[in-house]
Each structure stands twice: as C-alpha cells, then as structure tokens.
>>> print(open('coords.txt').read())   # compact mmCIF, C-alpha atoms
# COMPACT_ATOMS: atom_id res chain seq x y z
CA MET G 64 5.98 -1.78 24.62
CA THR G 65 8.62 -0.74 22.09
CA LEU G 66 11.62 -3.04 22.03
CA THR G 67 15.11 -1.68 22.59
CA ARG G 68 17.91 -2.68 20.24
CA ASN G 69 19.22 -5.31 22.64
CA GLU G 70 15.77 -6.71 23.40
CA ALA G 71 15.09 -7.08 19.68
CA LEU G 72 18.43 -8.81 19.14
CA ALA G 73 17.70 -11.21 21.99
CA LEU G 74 14.42 -12.22 20.34
CA LEU G 75 16.24 -13.41 17.22
CA THR G 76 17.21 -16.61 19.01
CA ASP G 77 13.86 -17.19 20.71
CA SER G 78 12.29 -20.61 20.26
CA LEU G 79 9.05 -19.11 18.94
CA SER G 80 8.92 -17.89 15.35
CA THR G 81 6.43 -15.15 16.24
CA ARG G 82 8.86 -13.68 18.75
CA ARG G 83 11.78 -13.94 16.35
CA ARG G 84 9.62 -12.12 13.80
CA ARG G 85 8.83 -9.40 16.31
CA GLY G 86 12.54 -8.86 16.93
CA ALA G 87 13.25 -8.75 13.19
CA LYS G 88 10.52 -6.18 12.57
CA ARG G 89 11.91 -3.95 15.29
CA LEU G 90 15.46 -4.22 13.93
CA ARG G 91 14.15 -3.41 10.48
CA ALA G 92 12.63 -0.22 11.88
CA LEU G 93 15.77 0.71 13.83
CA ALA G 94 17.99 0.25 10.73
CA ASP G 95 21.09 0.06 12.93
CA PRO G 96 24.08 -1.28 10.94
CA THR G 97 25.68 -2.60 14.12
CA THR G 98 22.98 -5.30 14.22
CA ALA G 99 23.62 -6.59 10.69
CA ALA G 100 25.86 -9.52 11.62
CA GLN G 101 23.31 -10.91 14.07
CA VAL G 102 20.47 -10.37 11.63
CA ARG G 103 22.37 -12.23 8.93
CA THR G 104 23.15 -15.14 11.27
CA ALA G 105 19.50 -15.34 12.28
CA LEU G 106 18.44 -15.33 8.63
CA GLU G 107 20.85 -18.12 7.74
CA HIS G 108 19.28 -20.25 10.46
CA GLU G 109 15.71 -19.24 9.69
CA VAL G 110 15.77 -20.19 6.02
CA LEU G 111 16.37 -23.81 7.01
CA ASP G 112 12.72 -24.00 8.09
CA LYS G 113 10.32 -23.61 5.17
CA ARG G 114 7.38 -23.10 7.53
CA THR G 115 8.56 -19.75 8.92
CA TRP G 116 8.32 -17.69 5.75
CA GLU G 117 6.82 -14.67 7.52
CA THR G 118 9.79 -14.49 9.85
CA GLN G 119 12.18 -15.00 6.93
CA TYR G 120 10.51 -12.08 5.16
CA GLN G 121 11.07 -9.75 8.10
CA LEU G 122 14.66 -10.87 8.62
CA ILE G 123 15.46 -10.23 4.96
CA MET G 124 13.89 -6.79 5.17
CA ALA G 125 15.85 -6.13 8.36
CA LEU G 126 19.08 -7.14 6.64
CA GLY G 127 18.19 -4.84 3.76
CA MET G 128 18.02 -1.95 6.24
CA THR G 129 21.10 -2.86 8.26
CA GLY G 130 23.44 -4.83 5.98
CA ALA G 131 26.13 -4.00 3.47
CA ARG G 132 27.29 -4.89 -0.03
CA GLY G 133 28.88 -8.09 1.26
CA ASP G 134 25.46 -9.48 2.13
CA VAL G 135 24.20 -9.37 -1.45
CA GLU G 136 25.66 -12.71 -2.52
CA LEU G 137 23.75 -14.46 0.25
CA LEU G 138 20.56 -12.71 -0.84
CA LYS G 139 21.11 -13.68 -4.47
CA ARG G 140 21.72 -17.31 -3.54
CA LEU G 141 18.48 -17.34 -1.59
CA ALA G 142 16.64 -15.67 -4.45
CA LEU G 143 17.54 -18.50 -6.80
CA GLN G 144 16.30 -21.22 -4.46
CA PRO G 145 12.80 -22.55 -5.18
CA ARG G 146 10.21 -21.90 -2.47
CA SER G 147 6.46 -22.17 -2.13
CA ALA G 148 6.07 -18.92 -0.20
CA THR G 149 7.12 -16.63 -3.04
CA VAL G 150 6.42 -13.45 -1.06
CA VAL G 151 9.85 -14.07 0.48
CA ASN G 152 11.27 -13.28 -2.98
CA ALA G 153 9.77 -9.80 -2.80
CA ALA G 154 11.80 -9.11 0.34
CA LEU G 155 14.90 -10.48 -1.38
CA GLY G 156 14.43 -8.20 -4.38
CA ASP G 157 13.95 -5.20 -2.11
CA ALA G 158 17.07 -5.98 -0.06
CA ILE G 159 19.22 -6.69 -3.12
CA VAL G 160 18.42 -3.25 -4.54
CA ARG G 161 19.06 -1.52 -1.22
CA LEU G 162 22.41 -3.18 -0.60
CA GLY G 163 23.76 -3.96 -4.06
CA ARG G 164 24.16 -0.53 -5.66
CA ASP G 165 27.61 0.88 -6.49
CA ALA G 166 26.11 4.38 -6.47
CA ASP G 167 22.77 5.79 -5.34
CA ASP G 168 21.07 5.46 -8.74
CA ASP G 169 22.84 2.31 -9.90
CA PRO G 170 20.23 0.21 -11.78
CA ALA G 171 22.29 -3.00 -11.91
CA PRO G 172 20.78 -4.78 -8.86
CA ALA G 173 17.22 -4.05 -9.98
CA LEU G 174 17.95 -5.20 -13.52
CA TRP G 175 19.52 -8.40 -12.19
CA CYS G 176 16.28 -9.13 -10.34
CA LEU G 177 14.18 -8.48 -13.44
CA GLN G 178 16.30 -10.89 -15.46
CA GLN G 179 15.99 -13.91 -13.13
CA ASP G 180 12.39 -14.87 -13.92
CA VAL G 181 11.78 -15.55 -10.22
CA GLU G 182 8.25 -14.96 -9.02
CA LEU G 183 7.91 -11.64 -7.12
CA LEU G 184 11.68 -10.98 -7.06
CA ALA G 185 11.29 -8.20 -9.62
CA ASP G 186 8.27 -6.80 -7.80
CA GLY G 187 10.27 -6.42 -4.60
CA ALA G 188 13.16 -4.85 -6.47
CA LEU G 189 10.87 -2.31 -8.12
CA ARG G 190 9.31 -1.53 -4.77
CA ALA G 191 12.76 -0.53 -3.49
CA VAL G 192 13.40 1.50 -6.66
CA ALA G 193 10.19 3.43 -6.01
CA MET G 194 10.70 3.84 -2.27
CA LEU G 195 14.27 5.05 -2.77
CA ARG G 196 13.18 7.32 -5.66
CA LEU G 197 16.00 6.11 -7.86
CA LYS G 198 16.70 8.10 -11.02
CA PHE G 199 17.64 5.54 -13.65
CA PRO G 200 19.32 6.24 -17.01
CA GLY G 201 17.19 5.83 -20.12
CA THR G 202 18.27 2.29 -20.95
CA ALA G 203 17.40 1.08 -17.47
CA VAL G 204 14.05 2.87 -17.57
CA ASP G 205 13.32 1.11 -20.85
CA ALA G 206 14.15 -2.25 -19.27
CA VAL G 207 11.79 -1.58 -16.37
CA LEU G 208 9.00 -0.48 -18.68
CA ASP G 209 9.58 -3.52 -20.92
CA TYR G 210 9.08 -5.68 -17.85
CA ALA G 211 6.04 -3.77 -16.64
CA GLU G 212 4.35 -3.81 -20.04
CA ALA G 213 5.03 -7.50 -20.57
CA ASN G 214 3.37 -8.29 -17.23
CA PHE G 215 0.71 -5.58 -17.29
CA HIS G 216 -2.21 -7.99 -17.35
CA ASP G 217 -0.64 -10.84 -15.39
CA LEU G 218 -3.68 -12.61 -13.92
CA ASN G 219 -1.77 -14.08 -11.00
CA HIS G 220 -0.06 -10.85 -9.94
CA LYS G 221 -2.35 -8.13 -11.20
CA PHE G 222 -0.57 -5.27 -9.45
CA LEU G 223 2.86 -5.76 -11.01
CA ALA G 224 2.55 -2.41 -12.78
CA TYR G 225 2.08 -0.53 -9.50
CA TRP G 226 5.67 -0.01 -8.39
CA PRO G 227 6.94 0.92 -11.88
CA ALA G 228 4.16 3.54 -11.99
CA VAL G 229 5.25 4.95 -8.63
CA ALA G 230 8.94 4.92 -9.58
CA ALA G 231 8.23 6.67 -12.88
CA ALA G 232 7.44 9.89 -11.01
CA GLY G 233 11.17 10.54 -11.07
CA TRP G 234 11.69 9.61 -14.71
CA SER G 235 11.05 11.50 -17.94
CA GLY G 236 10.64 11.01 -21.67
CA PRO G 237 7.87 10.19 -24.13
CA ARG G 238 7.79 6.49 -23.32
CA VAL G 239 7.50 7.15 -19.60
CA ARG G 240 4.64 9.56 -20.17
CA ALA G 241 2.86 7.12 -22.49
CA PHE G 242 3.21 4.34 -19.91
CA LEU G 243 1.86 6.54 -17.14
CA THR G 244 -1.00 7.79 -19.28
CA ARG G 245 -2.01 4.23 -19.99
CA CYS G 246 -1.75 3.33 -16.30
CA SER G 247 -3.78 6.39 -15.27
CA GLN G 248 -6.70 5.04 -17.29
CA ASP G 249 -6.48 1.55 -15.83
CA SER G 250 -9.43 0.00 -14.01
CA ARG G 251 -7.21 -0.91 -11.07
CA LYS G 252 -7.58 2.09 -8.78
CA ILE G 253 -4.25 1.68 -7.02
CA ILE G 254 -2.38 1.78 -10.34
CA ALA G 255 -4.45 4.60 -11.82
CA GLU G 256 -3.91 6.83 -8.78
CA ALA G 257 -0.16 6.12 -8.64
CA ALA G 258 0.18 6.95 -12.33
CA THR G 259 -1.86 10.15 -12.03
CA ASP G 260 0.42 11.32 -9.22
CA ALA G 261 3.50 10.34 -11.23
CA LEU G 262 2.33 12.29 -14.27
CA ASP G 263 2.45 15.36 -12.03
CA GLY G 264 5.88 14.42 -10.72
CA ARG G 265 4.51 13.27 -7.35
CA TYR G 266 5.34 9.97 -5.71
CA GLY G 267 2.09 9.97 -3.77
CA ASN G 268 1.37 7.68 -0.84
CA TYR G 269 3.09 4.33 -1.06
CA VAL G 270 0.88 1.32 -0.54
CA SER G 271 2.24 -2.20 -0.26
CA VAL G 272 0.15 -4.64 -2.25
CA LEU G 273 2.04 -7.69 -0.99
>>> encode(input="coords.txt", output="structure tokens")
Amino acid sequence: MTLTRNEALALLTDSLSTRRRRGAKRLRALADPTTAAQVRTALEHEVLDKRTWETQYQLIMALGMTGARGDVELLKRLALQPRSATVVNAALGDAIVRLGRDADDDPAPALWCLQQDVELLADGALRAVAMLRLKFPGTAVDAVLDYAEANFHDLNHKFLAYWPAVAAAGWSGPRVRAFLTRCSQDSRKIIAEAATDALDGRYGNYVSVL
C-alpha cells in the first residue's frame, strides 16, 4: 500500500530502521517541501548510528528533494566526516548539487564536491548534474572532464566515468566530443552506451550503478 504524506512522516520516528527507511523513500518520491524540516530532524538523529547507512542514504536523498539552500551546510559537514559506508557520500553529493545552486546551471556545488577528495561524493554530485541536465560553462565542463579522465580506470570504482558521459549530452566542444568518443569505445557497456547516446545529444536511460 502506498504511504500518504502523514504516514511516511510518522515512520521517520519508528523504532525500526527498515520502517524509517520506508518513510524516507516515500518522502523522497513525494518531494513535498513542507516535509523538509521533519526529514532534516530525522537525518540529524539517524547519522548518530553508523549501522543504519541505508536509511541515512534515503533520508539524505529525501532532503535533497524537499530541502532548501539552508540545508547545504549540514550536508557539507556530513560529507567531510569519515565513514565506512561511503555510498552515503553519493547521496550527499547528489543533495548538495540539488540544493546548493544559486541558479539552475550553477556549477559551484558540483565543483565543490569534486574538490573534496571524498570517496563517491563526486560521483553523487555528477549523478545529479546528469539527472538535472545541467548546462555548465566551459571552465566547469573542463573541470568535470579533468576529474573523469583522471579516474577513468579507477579499479575500485570502475564506473566513475558513467555520469560525466551522461551529463555531456548537454555539453559541446571538441574536448567533450573527444571524451565521448573515447567513452563510446570503452569495454564497459554501460559507459559506451551512455556516450553513444550523448554523442547524438540524447541523455538515454539513466541507470544507477551505486
């Protein structure tokens, strides 16, 4: 049964992490800004328990869909805290980009994430860039491609080039085309297909590799 807004909010204080996670996922889907304060409060409590990283991930994503610019400092503080479940950082990067922009295509939040050298933070930020189809200026595009090329063959996170390839569908220039051409010939099917679509100006079907 699909949860109502109030039912989902009530689950945020449930004693079971799985139920809190269910509530967070529903609030993420609803994207109702009137729930942001309760989502933020739930997140601040949840991050005190290192075991509940899956629930933390969903609460961060929910805040990214419901929150506002004022929530970014909390997200940045969390991003700079060490954690063993680094997938949480991907949610933080995504939410920081969604909430931290001064204008629709502002690259500053994404570039901040790229500069922190925090595992998966940049990947989450670039996922949001792709999903939101942000049109970055040339200098920001260069910074993203610098990052993607430097990590192209990262053995621990072999799909780091995926989201830059998706995002590049909305970008132009010789360097972008060279990057996408290289990606289109890659042995990793998910990257090759994303790049082939992007070369034709298509964003294709998004696939989360997290």
>>> residues_around(input="coords.txt", residues="region 136-145 of chain G", least_positions_apart="2", cutoff="10 Å", atoms="all atoms listed in the file", output="ChimeraX atom specification")
/G:103,106-107,110,123,126-127,132-134,147-149,151-156,158-159,162-163,172,175-176,179-184
>>> atom_distance(input="coords.txt", atom1="CA of Gly130 (chain G)", atom2="CA of Asp77 (chain G)")
21.5 Å
>>> atom_distance(input="coords.txt", atom1="CA of Leu66 (chain G)", atom2="CA of Lys88 (chain G)")
10.0 Å
>>> closest_residue(input="coords.txt", among="G:Ser247, G:Asn214, G:Thr81, G:Thr129", to="Ala94 (chain G)", atoms="only C-alpha atoms")
G:Thr129
>>> closest_residue(input="coords.txt", among="G:Phe242, G:Tyr266, G:Tyr120, G:Trp234", to="Val204 (chain G)", atoms="all atoms listed in the file")
G:Trp234
>>> closest_residue(input="coords.txt", among="G:Ser235, G:Gln178, G:Asn268, G:Thr97", to="Gly201 (chain G)", atoms="all atoms listed in the file")
G:Ser235
>>> atom_distance(input="coords.txt", atom1="CA of Val150 (chain G)", atom2="CA of Arg114 (chain G)")
13.0 Å
>>> closest_residue(input="coords.txt", among="G:Ala213, G:Ala206, G:Leu122, G:Ala193", to="Ala261 (chain G)", atoms="only C-alpha atoms")
G:Ala193
>>> closest_residue(input="coords.txt", among="G:Ser250, G:Lys113, G:Ala99, G:Ala125", to="Gly86 (chain G)", atoms="only C-alpha atoms")
G:Ala125
>>> residues_around(input="coords.txt", residues="Thr202 (chain G)", least_positions_apart="3", cutoff="12 Å", atoms="only C-alpha atoms", output="PyMOL selection string")
chain G and resi 169-171+174+198-199+205-209+234+236+238-239
>>> closest_residue(input="coords.txt", among="G:Ser78, G:Trp116, G:Ala255, G:Trp226", to="Leu195 (chain G)", atoms="only C-alpha atoms")
G:Trp226
>>> residues_near_point(input="coords.txt", point="(2.4, 11.4, -4.0)", cutoff="12 Å", atoms="only C-alpha atoms", output="list in words")
Ala193, Met194, Arg196, Ala228, Val229, Ala230, Ala231, Ala232, Gly233, Glu256, Ala257, Ala258, Thr259, Asp260, Ala261, Leu262, Asp263, Gly264, Arg265, Tyr266, Gly267, Asn268, Tyr269 and Val270 of chain G
>>> write_last_selection(input="coords.txt", atoms="C-alpha atoms", output="mmCIF file, in the coordinates of the input")
data_model
loop_
_atom_site.group_PDB
_atom_site.id
_atom_site.type_symbol
_atom_site.label_atom_id
_atom_site.label_comp_id
_atom_site.auth_asym_id
_atom_site.auth_seq_id
_atom_site.Cartn_x
_atom_site.Cartn_y
_atom_site.Cartn_z
ATOM 1 C CA ALA G 193 10.190 3.430 -6.010
ATOM 2 C CA MET G 194 10.700 3.840 -2.270
ATOM 3 C CA ARG G 196 13.180 7.320 -5.660
ATOM 4 C CA ALA G 228 4.160 3.540 -11.990
ATOM 5 C CA VAL G 229 5.250 4.950 -8.630
ATOM 6 C CA ALA G 230 8.940 4.920 -9.580
ATOM 7 C CA ALA G 231 8.230 6.670 -12.880
ATOM 8 C CA ALA G 232 7.440 9.890 -11.010
ATOM 9 C CA GLY G 233 11.170 10.540 -11.070
ATOM 10 C CA GLU G 256 -3.910 6.830 -8.780
ATOM 11 C CA ALA G 257 -0.160 6.120 -8.640
ATOM 12 C CA ALA G 258 0.180 6.950 -12.330
ATOM 13 C CA THR G 259 -1.860 10.150 -12.030
ATOM 14 C CA ASP G 260 0.420 11.320 -9.220
ATOM 15 C CA ALA G 261 3.500 10.340 -11.230
ATOM 16 C CA LEU G 262 2.330 12.290 -14.270
ATOM 17 C CA ASP G 263 2.450 15.360 -12.030
ATOM 18 C CA GLY G 264 5.880 14.420 -10.720
ATOM 19 C CA ARG G 265 4.510 13.270 -7.350
ATOM 20 C CA TYR G 266 5.340 9.970 -5.710
ATOM 21 C CA GLY G 267 2.090 9.970 -3.770
ATOM 22 C CA ASN G 268 1.370 7.680 -0.840
ATOM 23 C CA TYR G 269 3.090 4.330 -1.060
ATOM 24 C CA VAL G 270 0.880 1.320 -0.540
#
>>> decode(input="coords.txt", residues="region 185-251 of chain G", atoms="C-alpha atoms", output="compact mmCIF listing (two decimals), in the first residue's frame")
# COMPACT_ATOMS: atom_id res chain seq x y z
CA ALA G 185 31.87 13.50 -6.65
CA ASP G 186 30.06 10.55 -8.18
CA GLY G 187 26.82 11.52 -6.46
CA ALA G 188 27.26 15.14 -7.47
CA LEU G 189 27.78 14.18 -11.11
CA ARG G 190 24.73 11.95 -10.97
CA ALA G 191 22.65 14.99 -10.02
CA VAL G 192 24.30 17.05 -12.77
CA ALA G 193 23.27 14.41 -15.29
CA MET G 194 19.77 13.86 -13.93
CA LEU G 195 19.09 17.60 -13.83
CA ARG G 196 20.65 18.05 -17.30
CA LEU G 197 22.72 20.99 -16.15
CA LYS G 198 24.38 23.09 -18.85
CA PHE G 199 27.75 24.09 -17.43
CA PRO G 200 30.06 26.82 -18.77
CA GLY G 201 33.25 25.69 -20.48
CA THR G 202 35.53 26.02 -17.46
CA ALA G 203 33.24 23.86 -15.35
CA VAL G 204 32.94 21.28 -18.12
CA ASP G 205 36.74 21.14 -18.26
CA ALA G 206 36.89 20.56 -14.50
CA VAL G 207 34.40 17.69 -14.74
CA LEU G 208 36.26 16.11 -17.64
CA ASP G 209 39.59 16.53 -15.80
CA TYR G 210 38.07 14.59 -12.92
CA ALA G 211 36.53 11.93 -15.14
CA GLU G 212 39.73 11.39 -17.12
CA ALA G 213 41.88 11.22 -14.01
CA ASN G 214 39.62 8.50 -12.59
CA PHE G 215 38.75 6.77 -15.86
CA HIS G 216 40.40 3.49 -14.95
CA ASP G 217 39.86 3.60 -11.19
CA LEU G 218 39.90 -0.09 -10.23
CA ASN G 219 37.81 0.41 -7.11
CA HIS G 220 35.08 2.50 -8.74
CA LYS G 221 35.19 1.47 -12.37
CA PHE G 222 32.02 3.31 -13.39
CA LEU G 223 33.10 6.81 -12.36
CA ALA G 224 33.05 7.92 -15.99
CA TYR G 225 29.38 6.99 -16.39
CA TRP G 226 27.65 10.09 -15.06
CA PRO G 227 30.02 12.54 -16.79
CA ALA G 228 29.25 10.70 -20.05
CA VAL G 229 25.51 11.05 -19.45
CA ALA G 230 25.81 14.71 -18.46
CA ALA G 231 27.90 15.51 -21.53
CA ALA G 232 24.85 15.05 -23.75
CA GLY G 233 24.04 18.66 -22.94
CA TRP G 234 27.55 19.99 -23.46
CA SER G 235 29.52 20.86 -26.59
CA GLY G 236 33.03 21.48 -27.85
CA PRO G 237 35.96 19.46 -29.19
CA ARG G 238 37.06 18.19 -25.80
CA VAL G 239 33.57 16.97 -24.94
CA ARG G 240 33.32 15.14 -28.24
CA ALA G 241 36.76 13.58 -27.80
CA PHE G 242 35.83 12.41 -24.30
CA LEU G 243 32.57 10.90 -25.50
CA THR G 244 34.23 9.24 -28.47
CA ARG G 245 36.72 7.61 -26.15
CA CYS G 246 33.93 6.50 -23.80
CA SER G 247 31.86 5.13 -26.69
CA GLN G 248 34.68 2.70 -27.46
CA ASP G 249 35.08 1.56 -23.87
CA SER G 250 34.69 -2.09 -22.92
CA ARG G 251 32.28 -1.18 -20.14
